[in-house]
file run.csv (CSV, C-alpha atoms)
chain,number,residue,atom,x,y,z
A,1,MET,CA,13.0,-1.3,25.5
A,2,ARG,CA,10.2,0.8,24.2
A,3,ASN,CA,8.8,0.0,20.8
A,4,LEU,CA,8.5,2.9,18.4
A,5,ILE,CA,5.3,3.5,16.5
A,6,THR,CA,5.1,6.4,14.0
A,7,ILE,CA,2.2,7.6,11.8
A,8,VAL,CA,3.8,8.1,8.5
A,9,SER,CA,1.2,9.5,6.2
A,10,LEU,CA,-2.3,9.5,4.8
A,11,LEU,CA,-2.0,9.1,1.1
A,12,LEU,CA,-4.3,9.2,-1.9
A,13,SER,CA,-4.5,5.8,-3.5
A,14,LEU,CA,-2.1,6.4,-6.4
A,15,PRO,CA,0.2,3.5,-7.3
A,16,LEU,CA,2.9,3.3,-4.6
A,17,MET,CA,5.9,2.2,-6.6
A,18,ALA,CA,9.5,3.2,-6.0
A,19,GLN,CA,12.8,1.9,-7.2
A,20,THR,CA,15.4,1.3,-4.5
A,21,LYS,CA,18.5,3.3,-5.6
A,22,VAL,CA,21.9,1.8,-5.0
A,23,VAL,CA,25.4,3.3,-5.2
A,24,LYS,CA,28.6,1.5,-6.2
A,25,LYS,CA,31.5,2.1,-3.8
A,26,ASN,CA,35.1,1.2,-4.8
A,27,ALA,CA,37.7,0.3,-2.2
A,28,VAL,CA,40.7,2.2,-3.5
A,29,LYS,CA,43.8,3.8,-2.1
A,30,ALA,CA,42.1,7.2,-1.8
A,31,ASN,CA,39.8,5.8,0.9
A,32,ASN,CA,42.4,3.4,2.4
A,33,PHE,CA,40.7,0.5,0.7
A,34,GLY,CA,37.7,0.9,3.1
A,35,ILE,CA,34.0,1.1,2.5
A,36,THR,CA,31.6,2.3,5.2
A,37,TYR,CA,28.2,0.7,5.5
A,38,SER,CA,25.4,0.3,8.0
A,39,LEU,CA,23.4,-2.7,9.1
A,40,PRO,CA,19.6,-2.2,9.2
A,41,LYS,CA,17.2,-2.5,12.0
A,42,THR,CA,13.7,-3.7,11.2
A,43,SER,CA,10.8,-1.3,10.7
A,44,LEU,CA,7.4,-2.7,9.9
A,45,LEU,CA,5.3,-0.7,7.5
A,46,VAL,CA,1.6,-1.3,8.2
A,47,ASN,CA,-0.7,-0.1,5.4
A,48,ALA,CA,-4.5,0.2,5.8
A,49,GLU,CA,-6.8,0.7,2.9
A,50,VAL,CA,-9.7,2.9,3.7
A,51,THR,CA,-12.7,3.7,1.4
A,52,LYS,CA,-14.8,6.8,2.0
A,53,ILE,CA,-18.3,6.2,0.6
A,54,THR,CA,-20.5,9.3,0.0
A,55,CYS,CA,-24.2,8.7,-0.8
A,56,LYS,CA,-26.4,11.4,-2.2
A,57,ALA,CA,-30.1,10.7,-2.5
A,58,GLY,CA,-31.9,11.6,-5.8
A,59,PRO,CA,-34.8,14.1,-5.6
A,60,TYR,CA,-37.3,11.5,-6.9
A,61,TYR,CA,-36.2,8.6,-4.6
A,62,LYS,CA,-39.8,8.3,-3.2
A,63,TYR,CA,-41.0,7.4,-6.7
A,64,ALA,CA,-38.3,5.0,-7.7
A,65,GLU,CA,-40.4,1.8,-7.0
A,66,LYS,CA,-43.6,3.3,-8.5
A,67,TYR,CA,-42.1,4.4,-11.8
A,68,LEU,CA,-39.0,2.2,-12.3
A,69,GLY,CA,-39.7,-0.8,-10.1
A,70,VAL,CA,-36.4,-0.2,-8.2
A,71,LYS,CA,-36.2,-0.9,-4.5
A,72,ASN,CA,-32.5,-0.8,-3.6
A,73,ILE,CA,-32.0,3.0,-3.7
A,74,ILE,CA,-30.3,5.7,-1.6
A,75,THR,CA,-32.9,7.5,0.5
A,76,GLU,CA,-30.7,9.9,2.5
A,77,ASP,CA,-27.4,11.8,2.1
A,78,LYS,CA,-24.7,10.2,4.2
A,79,THR,CA,-21.0,9.5,4.4
A,80,TYR,CA,-19.4,6.4,5.9
A,81,TYR,CA,-16.1,4.5,5.8
A,82,LYS,CA,-15.0,0.9,5.2
A,83,LEU,CA,-11.7,-0.6,6.3
A,84,GLY,CA,-10.2,-2.6,3.5
A,85,ASN,CA,-7.0,-4.6,3.1
A,86,ILE,CA,-4.3,-4.5,5.8
A,87,SER,CA,-0.8,-5.2,4.5
A,88,LEU,CA,2.6,-5.3,6.1
A,89,VAL,CA,6.1,-4.7,4.6
A,90,ASN,CA,9.4,-5.4,6.3
A,91,LYS,CA,11.7,-2.4,5.6
A,92,GLY,CA,15.2,-1.9,6.9
A,93,ILE,CA,16.4,1.4,8.2
A,94,PRO,CA,20.0,2.3,9.0
A,95,ASP,CA,21.0,1.5,12.6
A,96,PRO,CA,23.4,4.2,13.7
A,97,ASP,CA,24.7,1.9,16.4
A,98,ASN,CA,25.8,-0.7,13.8
A,99,THR,CA,27.9,1.2,11.3
A,100,TYR,CA,31.1,-0.4,10.1
A,101,ILE,CA,34.1,0.1,7.8
A,102,VAL,CA,35.1,-2.9,5.8
A,103,GLU,CA,38.8,-2.7,4.9
A,104,PHE,CA,40.2,-4.7,2.0
A,105,LYS,CA,43.9,-5.4,1.5
A,106,ALA,CA,45.7,-3.5,-1.3
A,107,GLY,CA,46.3,-6.8,-3.1
A,108,THR,CA,42.6,-7.6,-3.4
A,109,VAL,CA,41.4,-7.6,-7.0
A,110,ALA,CA,39.3,-4.5,-7.6
A,111,PRO,CA,37.1,-4.8,-4.5
A,112,TYR,CA,33.8,-2.9,-4.5
A,113,ALA,CA,30.4,-2.9,-2.9
A,114,TYR,CA,26.9,-1.8,-3.7
A,115,LEU,CA,25.0,0.2,-1.0
A,116,THR,CA,21.6,1.7,-0.9
A,117,GLU,CA,21.4,5.5,-0.7
A,118,GLU,CA,21.0,5.1,3.1
A,119,GLY,CA,24.2,3.1,3.3
A,120,LEU,CA,22.8,-0.4,3.7
A,121,LEU,CA,24.9,-3.2,2.2
A,122,CYS,CA,23.6,-4.9,-0.9
A,123,SER,CA,26.5,-6.8,-2.4
A,124,ILE,CA,30.3,-7.2,-2.3
A,125,ASN,CA,32.3,-7.8,-5.5
A,126,ALA,CA,29.0,-8.4,-7.4
A,127,GLU,CA,26.7,-6.3,-9.6
A,128,TYR,CA,23.5,-5.5,-7.8
A,129,THR,CA,20.2,-4.7,-9.5
A,130,PRO,CA,17.5,-3.7,-7.1
A,131,GLU,CA,14.0,-5.0,-7.4
A,132,ALA,CA,11.0,-2.6,-7.6
A,133,ASP,CA,10.0,-1.7,-4.1
A,134,VAL,CA,6.2,-1.9,-4.5
A,135,ALA,CA,4.0,-1.3,-1.5
A,136,ASP,CA,1.1,-2.4,-3.5
A,137,SER,CA,1.6,-2.4,-7.3
A,138,ASN,CA,-1.9,-3.4,-8.0
A,139,LYS,CA,-3.3,-0.3,-6.4
A,140,LYS,CA,-4.9,2.2,-8.7
A,141,ASN,CA,-6.7,5.5,-8.1
A,142,THR,CA,-10.0,3.9,-7.0
A,143,ALA,CA,-12.1,7.1,-6.7
A,144,LYS,CA,-15.3,6.1,-8.5
A,145,ALA,CA,-18.5,8.0,-9.0
A,146,ASN,CA,-21.6,7.6,-11.0
A,147,LYS,CA,-22.0,10.4,-13.5
A,148,VAL,CA,-23.7,13.4,-12.0
A,149,THR,CA,-27.0,14.5,-13.4
A,150,SER,CA,-26.4,17.1,-16.2
A,151,ALA,CA,-28.8,19.9,-17.1
A,152,SER,CA,-28.6,18.7,-20.7
A,153,VAL,CA,-30.8,15.6,-19.9
A,154,LEU,CA,-33.5,17.7,-18.3
A,155,SER,CA,-36.2,18.3,-20.9
A,156,GLU,CA,-38.4,21.4,-21.1
A,157,GLU,CA,-41.4,19.3,-20.1
A,158,LEU,CA,-39.6,18.1,-16.9
A,159,LEU,CA,-38.5,21.6,-16.0
A,160,MET,CA,-42.0,23.0,-16.5
A,161,ALA,CA,-43.6,20.3,-14.3
A,162,GLY,CA,-45.2,22.0,-11.3
A,163,SER,CA,-44.6,19.4,-8.6
A,164,THR,CA,-42.0,16.8,-7.6
A,165,ALA,CA,-44.4,14.0,-8.3
A,166,LYS,CA,-45.1,15.3,-11.8
A,167,GLN,CA,-41.4,15.8,-12.4
A,168,ALA,CA,-40.7,12.2,-11.4
A,169,GLU,CA,-43.4,11.0,-13.8
A,170,VAL,CA,-42.0,13.0,-16.7
A,171,ALA,CA,-38.4,11.8,-15.9
A,172,ALA,CA,-39.6,8.2,-15.9
A,173,LYS,CA,-41.3,8.6,-19.2
A,174,GLN,CA,-38.1,10.1,-20.6
A,175,ILE,CA,-36.2,7.1,-19.4
A,176,TYR,CA,-38.5,4.7,-21.1
A,177,ARG,CA,-38.3,6.8,-24.4
A,178,ILE,CA,-34.5,6.5,-24.2
A,179,ARG,CA,-34.7,2.8,-23.7
A,180,GLU,CA,-37.1,2.4,-26.6
A,181,SER,CA,-34.9,4.5,-28.9
A,182,ARG,CA,-31.9,2.4,-28.0
A,183,LEU,CA,-33.8,-0.8,-28.7
A,184,ASN,CA,-35.0,0.4,-32.0
A,185,ILE,CA,-31.4,1.3,-33.1
A,186,LEU,CA,-30.1,-2.1,-32.0
A,187,THR,CA,-32.9,-3.9,-33.8
A,188,GLY,CA,-32.6,-1.7,-36.9
A,189,GLU,CA,-36.2,-0.4,-36.6
A,190,ALA,CA,-35.3,3.2,-36.0
A,191,ASP,CA,-36.3,5.7,-38.8
A,192,ASN,CA,-32.8,7.2,-38.9
A,193,LEU,CA,-30.1,4.7,-38.2
A,194,PRO,CA,-26.5,5.8,-37.6
A,195,PRO,CA,-24.4,5.5,-40.9
A,196,ASP,CA,-21.8,3.1,-39.6
A,197,GLY,CA,-20.8,1.0,-36.6
A,198,GLU,CA,-18.7,3.7,-34.9
A,199,ALA,CA,-21.5,6.2,-35.1
A,200,MET,CA,-23.9,3.6,-33.7
A,201,LYS,CA,-21.6,2.9,-30.8
A,202,LEU,CA,-21.4,6.6,-30.0
A,203,VAL,CA,-25.1,7.1,-30.2
A,204,ILE,CA,-25.8,4.1,-27.9
A,205,GLN,CA,-23.2,5.4,-25.4
A,206,GLN,CA,-24.8,8.8,-25.3
A,207,LEU,CA,-28.3,7.3,-24.8
A,208,GLU,CA,-26.9,5.1,-22.0
A,209,GLU,CA,-25.3,8.1,-20.3
A,210,GLN,CA,-28.6,10.1,-20.5
A,211,GLU,CA,-30.5,7.1,-19.1
A,212,LYS,CA,-28.0,6.8,-16.2
A,213,ALA,CA,-28.2,10.5,-15.4
A,214,LEU,CA,-32.0,10.4,-15.3
A,215,THR,CA,-32.0,7.2,-13.3
A,216,ASN,CA,-29.7,8.8,-10.7
A,217,LEU,CA,-32.5,11.2,-10.0
A,218,PHE,CA,-34.4,8.2,-8.6
A,219,THR,CA,-31.7,5.9,-7.3
A,220,GLY,CA,-29.2,8.5,-6.1
A,221,VAL,CA,-25.4,8.7,-6.6
A,222,GLU,CA,-22.7,6.8,-4.6
A,223,THR,CA,-19.0,8.0,-4.7
A,224,ARG,CA,-16.1,5.8,-3.5
A,225,ASP,CA,-12.7,7.3,-2.7
A,226,THR,CA,-10.0,4.9,-1.5
A,227,SER,CA,-6.9,6.1,0.4
A,228,ASP,CA,-4.0,4.5,2.3
A,229,TYR,CA,-3.0,5.1,5.9
A,230,GLU,CA,0.5,4.0,6.9
A,231,ILE,CA,2.0,3.3,10.3
A,232,THR,CA,5.6,2.4,11.0
A,233,VAL,CA,6.5,0.1,13.9
A,234,VAL,CA,10.1,-0.4,15.1
A,235,PRO,CA,9.8,-3.4,17.5
A,236,PHE,CA,12.4,-4.0,20.2
A,237,ASP,CA,10.4,-6.6,22.1
A,238,ASP,CA,7.1,-8.5,22.0
A,239,LEU,CA,3.9,-6.5,21.5
A,240,GLU,CA,0.6,-7.4,23.0
A,241,LYS,CA,-2.5,-5.5,22.1
A,242,GLU,CA,-0.5,-2.5,20.9
A,243,VAL,CA,-2.9,0.1,19.5
A,244,LEU,CA,-1.8,1.1,16.0
A,245,PHE,CA,-4.7,3.4,15.3
A,246,ARG,CA,-8.5,3.4,15.7
A,247,PHE,CA,-11.3,3.0,13.1
A,248,SER,CA,-14.8,4.3,13.0
A,249,PRO,CA,-17.4,3.8,10.3
A,250,GLN,CA,-18.5,7.4,10.8
A,251,LEU,CA,-15.0,9.0,11.1
A,252,GLY,CA,-12.7,6.6,9.3
A,253,ILE,CA,-9.2,6.2,10.7
A,254,VAL,CA,-8.4,8.2,13.9
A,255,ASP,CA,-5.5,8.5,16.2
A,256,PRO,CA,-4.7,5.8,18.8
A,257,ASP,CA,-5.9,8.0,21.6
A,258,ASP,CA,-9.2,9.0,20.0
A,259,LEU,CA,-11.9,7.0,21.6
A,260,GLY,CA,-14.3,7.8,18.8
A,261,GLY,CA,-13.0,4.7,17.0
A,262,ASP,CA,-12.4,1.0,17.8
A,263,PRO,CA,-8.8,0.0,18.3
A,264,ILE,CA,-6.7,-1.8,15.7
A,265,TYR,CA,-4.4,-4.1,17.7
A,266,MET,CA,-1.1,-5.5,16.8
A,267,ASN,CA,0.3,-8.6,18.6
A,268,LEU,CA,3.9,-9.4,17.8
A,269,LYS,CA,5.6,-12.5,19.4
A,270,ALA,CA,9.2,-13.6,18.8
A,271,ILE,CA,9.4,-17.2,17.6
A,272,GLU,CA,13.1,-17.1,16.9
A,273,ARG,CA,15.3,-15.0,19.1
A,274,ALA,CA,19.1,-15.1,19.6
A,275,PRO,CA,20.1,-16.1,23.2
A,276,GLU,CA,20.7,-13.1,25.4
A,277,LEU,CA,24.4,-12.8,26.4
A,278,ASP,CA,25.6,-11.4,29.7
A,279,PRO,CA,27.7,-8.2,29.5
A,280,LYS,CA,31.0,-10.1,29.5
A,281,GLU,CA,30.0,-12.5,26.8
A,282,ALA,CA,28.6,-9.7,24.7
A,283,GLU,CA,31.8,-7.7,25.0
A,284,LYS,CA,33.9,-10.7,24.1
A,285,LYS,CA,31.8,-11.4,21.0
A,286,GLU,CA,31.9,-7.8,19.9
A,287,LYS,CA,35.7,-7.8,20.0
A,288,SER,CA,35.8,-11.1,18.1
A,289,LEU,CA,33.7,-9.8,15.2
A,290,LYS,CA,36.0,-9.1,12.2
A,291,GLY,CA,35.7,-8.7,8.4
A,292,ILE,CA,32.2,-8.2,6.9
A,293,ILE,CA,29.7,-7.9,9.8
A,294,TYR,CA,26.2,-9.0,8.8
A,295,ASN,CA,22.9,-9.7,10.6
A,296,VAL,CA,21.4,-13.0,11.5
A,297,PRO,CA,17.8,-11.9,12.1
A,298,GLY,CA,15.3,-13.4,14.5
A,299,LYS,CA,11.7,-14.0,13.5
A,300,ALA,CA,8.3,-12.9,14.9
A,301,ARG,CA,4.7,-13.9,14.4
A,302,ILE,CA,2.4,-11.0,13.8
A,303,GLU,CA,-1.3,-10.6,14.0
A,304,ILE,CA,-3.4,-7.4,13.5
A,305,SER,CA,-7.0,-7.4,14.6
A,306,LEU,CA,-10.2,-5.3,15.0
A,307,ASN,CA,-13.0,-6.4,17.4
A,308,LYS,CA,-11.4,-9.9,17.6
A,309,LYS,CA,-11.5,-10.3,13.8
A,310,THR,CA,-8.1,-11.0,12.3
A,311,LEU,CA,-7.1,-8.5,9.6
A,312,TYR,CA,-3.6,-9.6,9.0
A,313,LYS,CA,-1.6,-12.7,10.1
A,314,GLY,CA,2.0,-13.6,9.1
A,315,GLU,CA,5.6,-13.8,10.0
A,316,ALA,CA,8.5,-11.4,9.6
A,317,GLN,CA,12.2,-11.4,10.1
A,318,ILE,CA,13.2,-9.0,12.9
A,319,THR,CA,16.9,-8.0,13.1
A,320,GLN,CA,16.4,-6.6,16.7
A,321,PHE,CA,15.7,-10.2,17.8
A,322,GLY,CA,18.8,-11.6,16.1
A,323,THR,CA,22.5,-11.2,16.3
A,324,GLN,CA,25.6,-10.3,14.2
A,325,GLU,CA,28.3,-12.5,12.7
A,326,GLY,CA,31.3,-11.8,10.5
A,327,LEU,CA,32.8,-13.0,7.2
A,328,ALA,CA,36.5,-13.6,7.5
A,329,PRO,CA,38.6,-11.0,5.6
A,330,VAL,CA,40.7,-13.8,4.1
A,331,MET,CA,37.7,-14.8,1.9
A,332,PHE,CA,38.2,-11.7,-0.2
A,333,GLU,CA,42.0,-12.0,-0.8
A,334,ASP,CA,41.9,-14.6,-3.6
A,335,LYS,CA,43.1,-12.7,-6.6
A,336,LYS,CA,42.1,-15.4,-9.1
A,337,ALA,CA,38.5,-16.0,-7.9
A,338,PRO,CA,37.2,-13.1,-5.7
A,339,VAL,CA,34.3,-14.1,-3.6
A,340,LYS,CA,30.9,-12.5,-4.4
A,341,VAL,CA,28.4,-11.9,-1.6
A,342,TYR,CA,24.8,-10.8,-1.9
A,343,PHE,CA,22.8,-9.4,1.1
A,344,TYR,CA,19.2,-8.7,1.9
A,345,PRO,CA,19.4,-4.9,2.4
A,346,GLU,CA,16.1,-4.9,4.4
A,347,THR,CA,17.6,-7.3,7.0
A,348,GLY,CA,21.3,-7.2,6.5
A,349,ALA,CA,21.4,-11.0,6.2
A,350,ILE,CA,23.4,-13.0,3.6
A,351,LYS,CA,21.4,-13.9,0.6
A,352,GLN,CA,24.1,-15.8,-1.4
A,353,ILE,CA,27.8,-16.4,-1.5
A,354,ILE,CA,29.4,-17.3,-4.8
A,355,GLN,CA,33.0,-18.6,-4.8

call {"tool": "encode", "arguments": {"input": "run.csv", "output": "structure tokens"}}
result
Amino acid sequence: MRNLITIVSLLLSLPLMAQTKVVKKNAVKANNFGITYSLPKTSLLVNAEVTKITCKAGPYYKYAEKYLGVKNIITEDKTYYKLGNISLVNKGIPDPDNTYIVEFKAGTVAPYAYLTEEGLLCSINAEYTPEADVADSNKKNTAKANKVTSASVLSEELLMAGSTAKQAEVAAKQIYRIRESRLNILTGEADNLPPDGEAMKLVIQQLEEQEKALTNLFTGVETRDTSDYEITVVPFDDLEKEVLFRFSPQLGIVDPDDLGGDPIYMNLKAIERAPELDPKEAEKKEKSLKGIIYNVPGKARIEISLNKKTLYKGEAQITQFGTQEGLAPVMFEDKKAPVKVYFYPETGAIKQIIQ
């Protein structure tokens, strides 16, 4: 069966945090004491962190070593990309082929269940508090840029200089004067010292910003902007060298069929798989399933690579590689001590049974 791969989105790198919403469903006479729910099938969310780096050379870069003694500088305008962290999240999506109605007897004590908004089962006869669904809670907006040169730091002497070489010389002298002024303030040798600590802190900060703006005229400015690229994979069988997307240092992430980038491969190999049943056995088992139907997932080993370099390696539970079982309805008929059951909504497997 064909595996499904979907490009979900290209996102700015803002914190990706969402709270899974759940809904309480009561089994009452109005709905014939029945609750409808779906079992999930596994979708794997692959997230790639990509940083766009923009370099802009300063107008005086040729004089950086001569006047400032700096060698590691930007000498030309360019833009390139770096591929960062690759992460993978197991996310359950409702399987329309596995939707069930669980019916409770009228004598059962106040039966209820918690479902996600999509109808995935979270708990029966138990309060359920969802955990924060965090794709990467540590992510922050990582766009960073050195302060751009402001006209306020360009002195009249610099603006009146006739040549680039002379302008560079004037700018360098101005940098050294700023450094000297800062040192005199810090050592208390300045003629007019700031009146208090806060004023001194503000003056030092302004001097540092002016120095940085002038220094950028020699060293150049580098801007980094990090974004996330997300792919969804719904596996139904093993994958070998499946191209998720392609990456190019010049273009960033491109589509799987764009030969301008190197392929990012996914290998997925089942390491725990339910035995395959013949049609008669499958039909017999389907008829025998009663009560609360739940998933017993299989497991797969996953590796994502670029140019033979491993970017991600791990294991994930895959419901498509597993099977279904059922909890007997009689478990929920004890009026004195109703059974509580917790499920993993992303896989449909049992998390805990409390009697």

call {"tool": "residues_around", "arguments": {"input": "run.csv", "residues": "region 48-53 of chain A", "least_positions_apart": "5", "cutoff": "7 Å", "atoms": "all atoms listed in the file", "output": "list in words"}}
result
Thr79, Tyr80, Tyr81, Lys82, Leu83, Gly84, Asn85, Ile86, Ser87, Glu222, Thr223, Arg224, Asp225, Thr226, Ser227, Asp228, Tyr229 and Glu230 of chain A

call {"tool": "write_last_selection", "arguments": {"input": "run.csv", "atoms": "C-alpha atoms", "output": "short mmCIF file (atom, residue, chain, number, x, y, z; two decimals), in the frame of the given file"}}
result
data_model
loop_
_atom_site.label_atom_id
_atom_site.label_comp_id
_atom_site.auth_asym_id
_atom_site.auth_seq_id
_atom_site.Cartn_x
_atom_site.Cartn_y
_atom_site.Cartn_z
CA THR A 79 -21.00 9.50 4.40
CA TYR A 80 -19.40 6.40 5.90
CA TYR A 81 -16.10 4.50 5.80
CA LYS A 82 -15.00 0.90 5.20
CA LEU A 83 -11.70 -0.60 6.30
CA GLY A 84 -10.20 -2.60 3.50
CA ASN A 85 -7.00 -4.60 3.10
CA ILE A 86 -4.30 -4.50 5.80
CA SER A 87 -0.80 -5.20 4.50
CA GLU A 222 -22.70 6.80 -4.60
CA THR A 223 -19.00 8.00 -4.70
CA ARG A 224 -16.10 5.80 -3.50
CA ASP A 225 -12.70 7.30 -2.70
CA THR A 226 -10.00 4.90 -1.50
CA SER A 227 -6.90 6.10 0.40
CA ASP A 228 -4.00 4.50 2.30
CA TYR A 229 -3.00 5.10 5.90
CA GLU A 230 0.50 4.00 6.90
#

call {"tool": "residues_around", "arguments": {"input": "run.csv", "residues": "Glu169 (chain A)", "least_positions_apart": "5", "cutoff": "9 Å", "atoms": "only C-alpha atoms", "output": "number ranges by chain"}}
result
A: 63, 67, 158, 164, 174

call {"tool": "atom_distance", "arguments": {"input": "run.csv", "atom1": "CA of Gln210 (chain A)", "atom2": "CA of Ser163 (chain A)"}}
result
22.0 Å

call {"tool": "closest_atom_pairs", "arguments": {"input": "run.csv", "of": "region 316-346 of chain A", "to": "region 265-276 of chain A", "cutoff": "7 Å", "atoms": "only C-alpha atoms", "output": "CSV"}}
result
residue,atom,partner,partner_atom,distance
A:Phe321,CA,A:Arg273,CA,5.0
A:Gly322,CA,A:Ala274,CA,5.0
A:Thr323,CA,A:Ala274,CA,6.1

call {"tool": "atom_distance", "arguments": {"input": "run.csv", "atom1": "CA of Asp334 (chain A)", "atom2": "CA of Ile350 (chain A)"}}
result
19.9 Å

call {"tool": "residues_around", "arguments": {"input": "run.csv", "residues": "Leu214 (chain A)", "least_positions_apart": "3", "cutoff": "7 Å", "atoms": "all atoms listed in the file", "output": "PDB file with C-alpha atoms, in the coordinates of the input"}}
result
ATOM      1  CA  THR A 149     -27.000  14.500 -13.400  1.00  0.00           C
ATOM      2  CA  ALA A 171     -38.400  11.800 -15.900  1.00  0.00           C
ATOM      3  CA  ILE A 175     -36.200   7.100 -19.400  1.00  0.00           C
ATOM      4  CA  GLN A 210     -28.600  10.100 -20.500  1.00  0.00           C
ATOM      5  CA  GLU A 211     -30.500   7.100 -19.100  1.00  0.00           C
ATOM      6  CA  LEU A 217     -32.500  11.200 -10.000  1.00  0.00           C
TER       7      LEU A 217
END

call {"tool": "atom_distance", "arguments": {"input": "run.csv", "atom1": "CA of Leu207 (chain A)", "atom2": "CA of Ile185 (chain A)"}}
result
10.7 Å

call {"tool": "closest_residue", "arguments": {"input": "run.csv", "among": "A:Val89, A:Ile292, A:Met200, A:Val170", "to": "Val102 (chain A)", "atoms": "all atoms listed in the file"}}
result
A:Ile292

call {"tool": "closest_residue", "arguments": {"input": "run.csv", "among": "A:Ile264, A:Ile73, A:Val203, A:Val330", "to": "Cys55 (chain A)", "atoms": "all atoms listed in the file"}}
result
A:Ile73

call {"tool": "residues_around", "arguments": {"input": "run.csv", "residues": "Asp97 (chain A)", "least_positions_apart": "5", "cutoff": "12 Å", "atoms": "only C-alpha atoms", "output": "ChimeraX atom specification"}}
result
/A:37-41,320

call {"tool": "residues_around", "arguments": {"input": "run.csv", "residues": "Ala316 (chain A)", "least_positions_apart": "4", "cutoff": "9 Å", "atoms": "all atoms listed in the file", "output": "ChimeraX atom specification"}}
result
/A:44,89-90,298-302

call {"tool": "write_last_selection", "arguments": {"input": "run.csv", "atoms": "C-alpha atoms", "output": "PDB file, in the coordinates of the input"}}
result
ATOM      1  CA  LEU A  44       7.400  -2.700   9.900  1.00  0.00           C
ATOM      2  CA  VAL A  89       6.100  -4.700   4.600  1.00  0.00           C
ATOM      3  CA  ASN A  90       9.400  -5.400   6.300  1.00  0.00           C
ATOM      4  CA  GLY A 298      15.300 -13.400  14.500  1.00  0.00           C
ATOM      5  CA  LYS A 299      11.700 -14.000  13.500  1.00  0.00           C
ATOM      6  CA  ALA A 300       8.300 -12.900  14.900  1.00  0.00           C
ATOM      7  CA  ARG A 301       4.700 -13.900  14.400  1.00  0.00           C
ATOM      8  CA  ILE A 302       2.400 -11.000  13.800  1.00  0.00           C
TER       9      ILE A 302
END

call {"tool": "closest_residue", "arguments": {"input": "run.csv", "among": "A:Gly252, A:Gly119, A:Gly291, A:Gly220", "to": "Val70 (chain A)", "atoms": "all atoms listed in the file"}}
result
A:Gly220

call {"tool": "closest_residue", "arguments": {"input": "run.csv", "among": "A:Ala57, A:Ile124, A:Val243, A:Leu115", "to": "Leu259 (chain A)", "atoms": "only C-alpha atoms"}}
result
A:Val243

call {"tool": "closest_residue", "arguments": {"input": "run.csv", "among": "A:Ser305, A:Asn184, A:Asn98, A:Asn47", "to": "Leu121 (chain A)", "atoms": "all atoms listed in the file"}}
result
A:Asn98

call {"tool": "closest_residue", "arguments": {"input": "run.csv", "among": "A:Ala282, A:Ile178, A:Ile74, A:Ile318", "to": "Pro235 (chain A)", "atoms": "all atoms listed in the file"}}
result
A:Ile318
